[in-house]
Amino acid sequence: MSLFHKTLASLGLGGARVDTVLETEVLLPGESLPVRIDVKGGKVDQAVDNIHLYLCCRYEDEMPVSRGDSERRMEKVKQTYTLAQWSLPEAFTLRAGEQRQFDCRFELPVNTPITIGDSGVWLETLLDIPLALDPKDKDPLTIRPDPLLDAVFSALEQAGFRLLQVECEATDGFALPFVQVFEFVPVAGPYHGCWRELELITQVDGDSLKLWFAIDRRQRGVSGMLARLLGSGELKRQLAIPLTVSPAEAGERVLAYLEQIDDQ
């Protein structure tokens with residue numbers, strides 16, 4: 001084991017490698033994620049203190065940004081957030097050329113964002129190797145709505161709404177620093193020509209699925225407004241659906257609530 005090879009390994013050249021294999025790439029929030037972690041030694045022996053895994057996503061936040069002058073303008077900036085993290089507390093020495101495999105299972109948070117539009121979720125795996133660049137791996141995940149939320153989306157589609165845009169936007173008052181906002185436009189049905197946009201935020205809170213609504217009837221645009229109102233506590237249009245109801249009933253409750261709003 002030459003000093004030259006040790007130096008290269010500390011710089012990430014010819015050192016250990018890690019590859020996380022997802023047993024399934026399509027998941028629902030709250031489901032269990034089975035993974036296999038393959039670790040392969042490089043040209044020298046290396047001590048591994050730990051294996052860390054991070055479930056990450058991105059959201060948008062308005063922050064003051066300088067563009068080379070004295071003025072700082074408020075602009076939307078992408079932020080990375082760690083939804084959950086896990087560690088395998090197993091220190092070991094990885095011999096040169098050695099291969100090791102770890103089978104693990106982790107539970108996704110119930111409010112993991114749905115991967116639609118610009119909303120991405122991924123798993124990062126990192127080998128903690130002292131005095132060296134830590135090898136890492138990044139794997140994208142596909143997160144689909146659970147049956148209850150899927151029924152809500154289906155009901156809106158049946159009412160003539162089309163999903164236009166999905167974003168994770170910063171807000172206050174939640175366990176997470178953001179909420180996922182679904183923006184719909186009516187292209188047919190009873191709300192076409194009456195409403196311009198419908199914004200929807202969904203959160204699993206305890207034993208219920210909570211929905212917040214913002215509606216634009218006056219062609220002014222509500223984009224981004226819902227998250228701001230929610231953070232200030234001023235948003236009053238809210239519907240809570242028990243997690244115990246059937247998906248069909250969840251869809252019916254949403255349509256009934258929209259009719260109630262339309263009559264106000």
# chains A, B, ... in the order shown; residues from 1 in each chain; ligands from 1
call {"tool": "residues_around", "arguments": {"residues": "segment 29-35 of chain A", "least_positions_apart": "6", "cutoff": "6 Å", "atoms": "only C-alpha atoms", "output": "PyMOL selection string"}}
result
chain A and resi 21-23+104-110+112
call {"tool": "write_last_selection", "arguments": {"atoms": "C-alpha atoms", "output": "mmCIF file, in the first residue's frame"}}
result
data_model
loop_
_atom_site.group_PDB
_atom_site.id
_atom_site.type_symbol
_atom_site.label_atom_id
_atom_site.label_comp_id
_atom_site.auth_asym_id
_atom_site.auth_seq_id
_atom_site.Cartn_x
_atom_site.Cartn_y
_atom_site.Cartn_z
ATOM 1 C CA VAL A 21 -29.864 0.043 -5.507
ATOM 2 C CA LEU A 22 -33.547 0.884 -5.024
ATOM 3 C CA GLU A 23 -35.635 -2.271 -4.802
ATOM 4 C CA CYS A 104 -31.976 -1.929 4.573
ATOM 5 C CA ARG A 105 -35.542 -0.652 4.787
ATOM 6 C CA PHE A 106 -36.581 2.906 5.634
ATOM 7 C CA GLU A 107 -39.992 4.518 6.096
ATOM 8 C CA LEU A 108 -40.804 7.620 4.051
ATOM 9 C CA PRO A 109 -42.432 10.568 5.880
ATOM 10 C CA VAL A 110 -46.187 10.840 5.264
ATOM 11 C CA THR A 112 -43.038 13.451 1.298
#
call {"tool": "residues_around", "arguments": {"residues": "Ala16 of chain A", "least_positions_apart": "4", "cutoff": "6 Å", "atoms": "only C-alpha atoms", "output": "PDB file with N, CA and C atoms, in the first residue's frame"}}
result
ATOM      1  N   LYS A  40     -17.780  -0.975  -2.437  1.00  0.00           N
ATOM      2  CA  LYS A  40     -16.624  -1.637  -3.034  1.00  0.00           C
ATOM      3  C   LYS A  40     -15.345  -0.897  -2.669  1.00  0.00           C
ATOM      4  N   GLY A  41     -14.371  -1.661  -2.189  1.00  0.00           N
ATOM      5  CA  GLY A  41     -13.099  -1.070  -1.818  1.00  0.00           C
ATOM      6  C   GLY A  41     -12.301  -0.628  -3.032  1.00  0.00           C
ATOM      7  N   GLY A  42     -11.435   0.347  -2.810  1.00  0.00           N
ATOM      8  CA  GLY A  42     -10.582   0.847  -3.892  1.00  0.00           C
ATOM      9  C   GLY A  42      -9.232   0.156  -3.901  1.00  0.00           C
TER      10      GLY A  42
END
call {"tool": "closest_residue", "arguments": {"among": "A:Glu169, A:Thr24, A:Lys43, A:Leu88", "to": "Asp139 of chain A", "atoms": "only C-alpha atoms"}}
result
A:Thr24
call {"tool": "select_by_dssp", "arguments": {"residues": "segment 3-197 of chain A", "states": "helix (DSSP H, G or I)", "output": "list in words"}}
result
Leu3, Phe4, His5, Lys6, Thr7, Leu8, Ala9, Ser10, Pro147, Leu148, Leu149, Asp150, Ala151, Val152, Phe153, Ser154, Ala155, Leu156, Glu157 and Gln158 of chain A
call {"tool": "residues_around", "arguments": {"residues": "Asp45 of chain A", "least_positions_apart": "4", "cutoff": "7 Å", "atoms": "only C-alpha atoms", "output": "list in words"}}
result
Thr93, Leu94, Arg95 and Ala96 of chain A
call {"tool": "write_last_selection", "arguments": {"atoms": "N, CA and C atoms", "output": "PDB file, in the first residue's frame"}}
result
ATOM      1  N   THR A  93     -13.551  -1.731   8.539  1.00  0.00           N
ATOM      2  CA  THR A  93     -12.429  -1.472   7.638  1.00  0.00           C
ATOM      3  C   THR A  93     -12.711  -2.150   6.307  1.00  0.00           C
ATOM      4  N   LEU A  94     -12.705  -1.351   5.246  1.00  0.00           N
ATOM      5  CA  LEU A  94     -12.960  -1.867   3.906  1.00  0.00           C
ATOM      6  C   LEU A  94     -11.611  -2.162   3.247  1.00  0.00           C
ATOM      7  N   ARG A  95     -11.348  -3.433   3.015  1.00  0.00           N
ATOM      8  CA  ARG A  95     -10.077  -3.822   2.422  1.00  0.00           C
ATOM      9  C   ARG A  95     -10.039  -3.450   0.941  1.00  0.00           C
ATOM     10  N   ALA A  96      -8.852  -3.334   0.414  1.00  0.00           N
ATOM     11  CA  ALA A  96      -8.692  -3.020  -1.012  1.00  0.00           C
ATOM     12  C   ALA A  96      -9.385  -4.074  -1.859  1.00  0.00           C
TER      13      ALA A  96
END
call {"tool": "decode", "arguments": {"residues": "segment 167-202 of chain A", "atoms": "N, CA, C and O atoms", "output": "PDB file, in the first residue's frame"}}
result
ATOM      1  N   GLU A 167     -45.580  23.056  -7.335  1.00  0.00           N
ATOM      2  CA  GLU A 167     -44.350  23.612  -6.766  1.00  0.00           C
ATOM      3  C   GLU A 167     -44.341  23.415  -5.259  1.00  0.00           C
ATOM      4  O   GLU A 167     -45.404  23.407  -4.617  1.00  0.00           O
ATOM      5  N   CYS A 168     -43.155  23.288  -4.701  1.00  0.00           N
ATOM      6  CA  CYS A 168     -42.971  23.315  -3.256  1.00  0.00           C
ATOM      7  C   CYS A 168     -42.546  24.725  -2.881  1.00  0.00           C
ATOM      8  O   CYS A 168     -41.507  25.207  -3.353  1.00  0.00           O
ATOM      9  N   GLU A 169     -43.349  25.395  -2.046  1.00  0.00           N
ATOM     10  CA  GLU A 169     -43.108  26.790  -1.712  1.00  0.00           C
ATOM     11  C   GLU A 169     -42.920  26.966  -0.211  1.00  0.00           C
ATOM     12  O   GLU A 169     -43.589  26.314   0.592  1.00  0.00           O
ATOM     13  N   ALA A 170     -42.023  27.872   0.155  1.00  0.00           N
ATOM     14  CA  ALA A 170     -41.719  28.130   1.563  1.00  0.00           C
ATOM     15  C   ALA A 170     -42.934  28.724   2.269  1.00  0.00           C
ATOM     16  O   ALA A 170     -43.675  29.530   1.707  1.00  0.00           O
ATOM     17  N   THR A 171     -43.139  28.316   3.513  1.00  0.00           N
ATOM     18  CA  THR A 171     -44.190  28.888   4.342  1.00  0.00           C
ATOM     19  C   THR A 171     -43.839  28.627   5.801  1.00  0.00           C
ATOM     20  O   THR A 171     -42.877  27.929   6.111  1.00  0.00           O
ATOM     21  N   ASP A 172     -44.623  29.179   6.710  1.00  0.00           N
ATOM     22  CA  ASP A 172     -44.405  29.004   8.146  1.00  0.00           C
ATOM     23  C   ASP A 172     -45.558  28.215   8.756  1.00  0.00           C
ATOM     24  O   ASP A 172     -46.612  28.067   8.156  1.00  0.00           O
ATOM     25  N   GLY A 173     -45.331  27.742   9.964  1.00  0.00           N
ATOM     26  CA  GLY A 173     -46.408  27.115  10.709  1.00  0.00           C
ATOM     27  C   GLY A 173     -46.547  25.621  10.529  1.00  0.00           C
ATOM     28  O   GLY A 173     -47.525  25.030  11.001  1.00  0.00           O
ATOM     29  N   PHE A 174     -45.602  24.990   9.843  1.00  0.00           N
ATOM     30  CA  PHE A 174     -45.654  23.548   9.625  1.00  0.00           C
ATOM     31  C   PHE A 174     -44.353  22.913  10.105  1.00  0.00           C
ATOM     32  O   PHE A 174     -43.348  23.585  10.307  1.00  0.00           O
ATOM     33  N   ALA A 175     -44.388  21.597  10.248  1.00  0.00           N
ATOM     34  CA  ALA A 175     -43.175  20.877  10.629  1.00  0.00           C
ATOM     35  C   ALA A 175     -42.105  21.029   9.560  1.00  0.00           C
ATOM     36  O   ALA A 175     -40.915  21.112   9.869  1.00  0.00           O
ATOM     37  N   LEU A 176     -42.537  21.078   8.301  1.00  0.00           N
ATOM     38  CA  LEU A 176     -41.616  21.306   7.191  1.00  0.00           C
ATOM     39  C   LEU A 176     -41.589  22.804   6.873  1.00  0.00           C
ATOM     40  O   LEU A 176     -42.582  23.506   7.100  1.00  0.00           O
ATOM     41  N   PRO A 177     -40.488  23.305   6.303  1.00  0.00           N
ATOM     42  CA  PRO A 177     -40.419  24.739   5.981  1.00  0.00           C
ATOM     43  C   PRO A 177     -41.128  25.096   4.678  1.00  0.00           C
ATOM     44  O   PRO A 177     -40.984  26.207   4.195  1.00  0.00           O
ATOM     45  N   PHE A 178     -41.893  24.174   4.107  1.00  0.00           N
ATOM     46  CA  PHE A 178     -42.558  24.414   2.833  1.00  0.00           C
ATOM     47  C   PHE A 178     -43.843  23.590   2.764  1.00  0.00           C
ATOM     48  O   PHE A 178     -44.082  22.685   3.588  1.00  0.00           O
ATOM     49  N   VAL A 179     -44.667  23.922   1.782  1.00  0.00           N
ATOM     50  CA  VAL A 179     -45.838  23.114   1.444  1.00  0.00           C
ATOM     51  C   VAL A 179     -45.820  22.880  -0.062  1.00  0.00           C
ATOM     52  O   VAL A 179     -45.231  23.658  -0.817  1.00  0.00           O
ATOM     53  N   GLN A 180     -46.460  21.815  -0.487  1.00  0.00           N
ATOM     54  CA  GLN A 180     -46.564  21.547  -1.919  1.00  0.00           C
ATOM     55  C   GLN A 180     -47.884  22.113  -2.425  1.00  0.00           C
ATOM     56  O   GLN A 180     -48.946  21.807  -1.891  1.00  0.00           O
ATOM     57  N   VAL A 181     -47.795  22.957  -3.460  1.00  0.00           N
ATOM     58  CA  VAL A 181     -48.958  23.666  -3.997  1.00  0.00           C
ATOM     59  C   VAL A 181     -49.304  23.090  -5.372  1.00  0.00           C
ATOM     60  O   VAL A 181     -48.444  23.026  -6.259  1.00  0.00           O
ATOM     61  N   PHE A 182     -50.565  22.694  -5.531  1.00  0.00           N
ATOM     62  CA  PHE A 182     -51.060  22.171  -6.806  1.00  0.00           C
ATOM     63  C   PHE A 182     -51.963  23.238  -7.433  1.00  0.00           C
ATOM     64  O   PHE A 182     -52.944  23.662  -6.818  1.00  0.00           O
ATOM     65  N   GLU A 183     -51.631  23.658  -8.632  1.00  0.00           N
ATOM     66  CA  GLU A 183     -52.392  24.694  -9.316  1.00  0.00           C
ATOM     67  C   GLU A 183     -53.208  24.069 -10.456  1.00  0.00           C
ATOM     68  O   GLU A 183     -52.659  23.424 -11.344  1.00  0.00           O
ATOM     69  N   PHE A 184     -54.526  24.270 -10.401  1.00  0.00           N
ATOM     70  CA  PHE A 184     -55.443  23.718 -11.395  1.00  0.00           C
ATOM     71  C   PHE A 184     -56.115  24.850 -12.176  1.00  0.00           C
ATOM     72  O   PHE A 184     -56.307  25.949 -11.644  1.00  0.00           O
ATOM     73  N   VAL A 185     -56.506  24.556 -13.409  1.00  0.00           N
ATOM     74  CA  VAL A 185     -57.321  25.476 -14.203  1.00  0.00           C
ATOM     75  C   VAL A 185     -58.543  24.705 -14.702  1.00  0.00           C
ATOM     76  O   VAL A 185     -58.434  23.542 -15.090  1.00  0.00           O
ATOM     77  N   PRO A 186     -59.734  25.340 -14.676  1.00  0.00           N
ATOM     78  CA  PRO A 186     -60.934  24.669 -15.202  1.00  0.00           C
ATOM     79  C   PRO A 186     -60.972  24.765 -16.729  1.00  0.00           C
ATOM     80  O   PRO A 186     -60.973  25.859 -17.284  1.00  0.00           O
ATOM     81  N   VAL A 187     -60.989  23.642 -17.396  1.00  0.00           N
ATOM     82  CA  VAL A 187     -61.032  23.616 -18.864  1.00  0.00           C
ATOM     83  C   VAL A 187     -62.380  23.109 -19.377  1.00  0.00           C
ATOM     84  O   VAL A 187     -62.649  23.144 -20.578  1.00  0.00           O
ATOM     85  N   ALA A 188     -63.221  22.654 -18.466  1.00  0.00           N
ATOM     86  CA  ALA A 188     -64.564  22.172 -18.822  1.00  0.00           C
ATOM     87  C   ALA A 188     -65.371  22.127 -17.530  1.00  0.00           C
ATOM     88  O   ALA A 188     -64.873  22.465 -16.450  1.00  0.00           O
ATOM     89  N   GLY A 189     -66.633  21.727 -17.630  1.00  0.00           N
ATOM     90  CA  GLY A 189     -67.446  21.538 -16.442  1.00  0.00           C
ATOM     91  C   GLY A 189     -68.024  22.822 -15.875  1.00  0.00           C
ATOM     92  O   GLY A 189     -67.924  23.897 -16.470  1.00  0.00           O
ATOM     93  N   PRO A 190     -68.599  22.737 -14.674  1.00  0.00           N
ATOM     94  CA  PRO A 190     -69.362  23.859 -14.100  1.00  0.00           C
ATOM     95  C   PRO A 190     -68.514  25.070 -13.721  1.00  0.00           C
ATOM     96  O   PRO A 190     -69.065  26.171 -13.550  1.00  0.00           O
ATOM     97  N   TYR A 191     -67.213  24.930 -13.564  1.00  0.00           N
ATOM     98  CA  TYR A 191     -66.387  26.050 -13.122  1.00  0.00           C
ATOM     99  C   TYR A 191     -65.648  26.733 -14.276  1.00  0.00           C
ATOM    100  O   TYR A 191     -65.007  27.749 -14.069  1.00  0.00           O
ATOM    101  N   HIS A 192     -65.766  26.155 -15.456  1.00  0.00           N
ATOM    102  CA  HIS A 192     -65.129  26.752 -16.630  1.00  0.00           C
ATOM    103  C   HIS A 192     -65.837  28.070 -16.977  1.00  0.00           C
ATOM    104  O   HIS A 192     -67.057  28.126 -17.094  1.00  0.00           O
ATOM    105  N   GLY A 193     -65.067  29.136 -17.086  1.00  0.00           N
ATOM    106  CA  GLY A 193     -65.647  30.449 -17.351  1.00  0.00           C
ATOM    107  C   GLY A 193     -66.027  31.209 -16.098  1.00  0.00           C
ATOM    108  O   GLY A 193     -66.303  32.414 -16.158  1.00  0.00           O
ATOM    109  N   CYS A 194     -66.054  30.520 -14.946  1.00  0.00           N
ATOM    110  CA  CYS A 194     -66.393  31.170 -13.674  1.00  0.00           C
ATOM    111  C   CYS A 194     -65.151  31.366 -12.803  1.00  0.00           C
ATOM    112  O   CYS A 194     -64.990  32.414 -12.182  1.00  0.00           O
ATOM    113  N   TRP A 195     -64.325  30.354 -12.773  1.00  0.00           N
ATOM    114  CA  TRP A 195     -63.082  30.424 -12.014  1.00  0.00           C
ATOM    115  C   TRP A 195     -61.917  30.446 -12.987  1.00  0.00           C
ATOM    116  O   TRP A 195     -61.940  29.779 -14.019  1.00  0.00           O
ATOM    117  N   ARG A 196     -60.907  31.188 -12.636  1.00  0.00           N
ATOM    118  CA  ARG A 196     -59.696  31.213 -13.466  1.00  0.00           C
ATOM    119  C   ARG A 196     -58.699  30.162 -13.010  1.00  0.00           C
ATOM    120  O   ARG A 196     -58.105  29.444 -13.813  1.00  0.00           O
ATOM    121  N   GLU A 197     -58.487  30.066 -11.696  1.00  0.00           N
ATOM    122  CA  GLU A 197     -57.527  29.121 -11.140  1.00  0.00           C
ATOM    123  C   GLU A 197     -58.019  28.587  -9.810  1.00  0.00           C
ATOM    124  O   GLU A 197     -58.795  29.250  -9.101  1.00  0.00           O
ATOM    125  N   LEU A 198     -57.538  27.414  -9.481  1.00  0.00           N
ATOM    126  CA  LEU A 198     -57.766  26.828  -8.161  1.00  0.00           C
ATOM    127  C   LEU A 198     -56.413  26.335  -7.656  1.00  0.00           C
ATOM    128  O   LEU A 198     -55.743  25.551  -8.322  1.00  0.00           O
ATOM    129  N   GLU A 199     -56.000  26.827  -6.485  1.00  0.00           N
ATOM    130  CA  GLU A 199     -54.776  26.339  -5.853  1.00  0.00           C
ATOM    131  C   GLU A 199     -55.148  25.459  -4.676  1.00  0.00           C
ATOM    132  O   GLU A 199     -56.077  25.762  -3.917  1.00  0.00           O
ATOM    133  N   LEU A 200     -54.400  24.383  -4.522  1.00  0.00           N
ATOM    134  CA  LEU A 200     -54.696  23.400  -3.479  1.00  0.00           C
ATOM    135  C   LEU A 200     -53.408  23.012  -2.758  1.00  0.00           C
ATOM    136  O   LEU A 200     -52.383  22.758  -3.390  1.00  0.00           O
ATOM    137  N   ILE A 201     -53.478  22.993  -1.431  1.00  0.00           N
ATOM    138  CA  ILE A 201     -52.392  22.471  -0.601  1.00  0.00           C
ATOM    139  C   ILE A 201     -52.936  21.294   0.190  1.00  0.00           C
ATOM    140  O   ILE A 201     -54.060  21.346   0.708  1.00  0.00           O
ATOM    141  N   THR A 202     -52.167  20.228   0.271  1.00  0.00           N
ATOM    142  CA  THR A 202     -52.591  19.042   1.019  1.00  0.00           C
ATOM    143  C   THR A 202     -51.541  18.692   2.057  1.00  0.00           C
ATOM    144  O   THR A 202     -50.346  18.814   1.808  1.00  0.00           O
TER     145      THR A 202
END
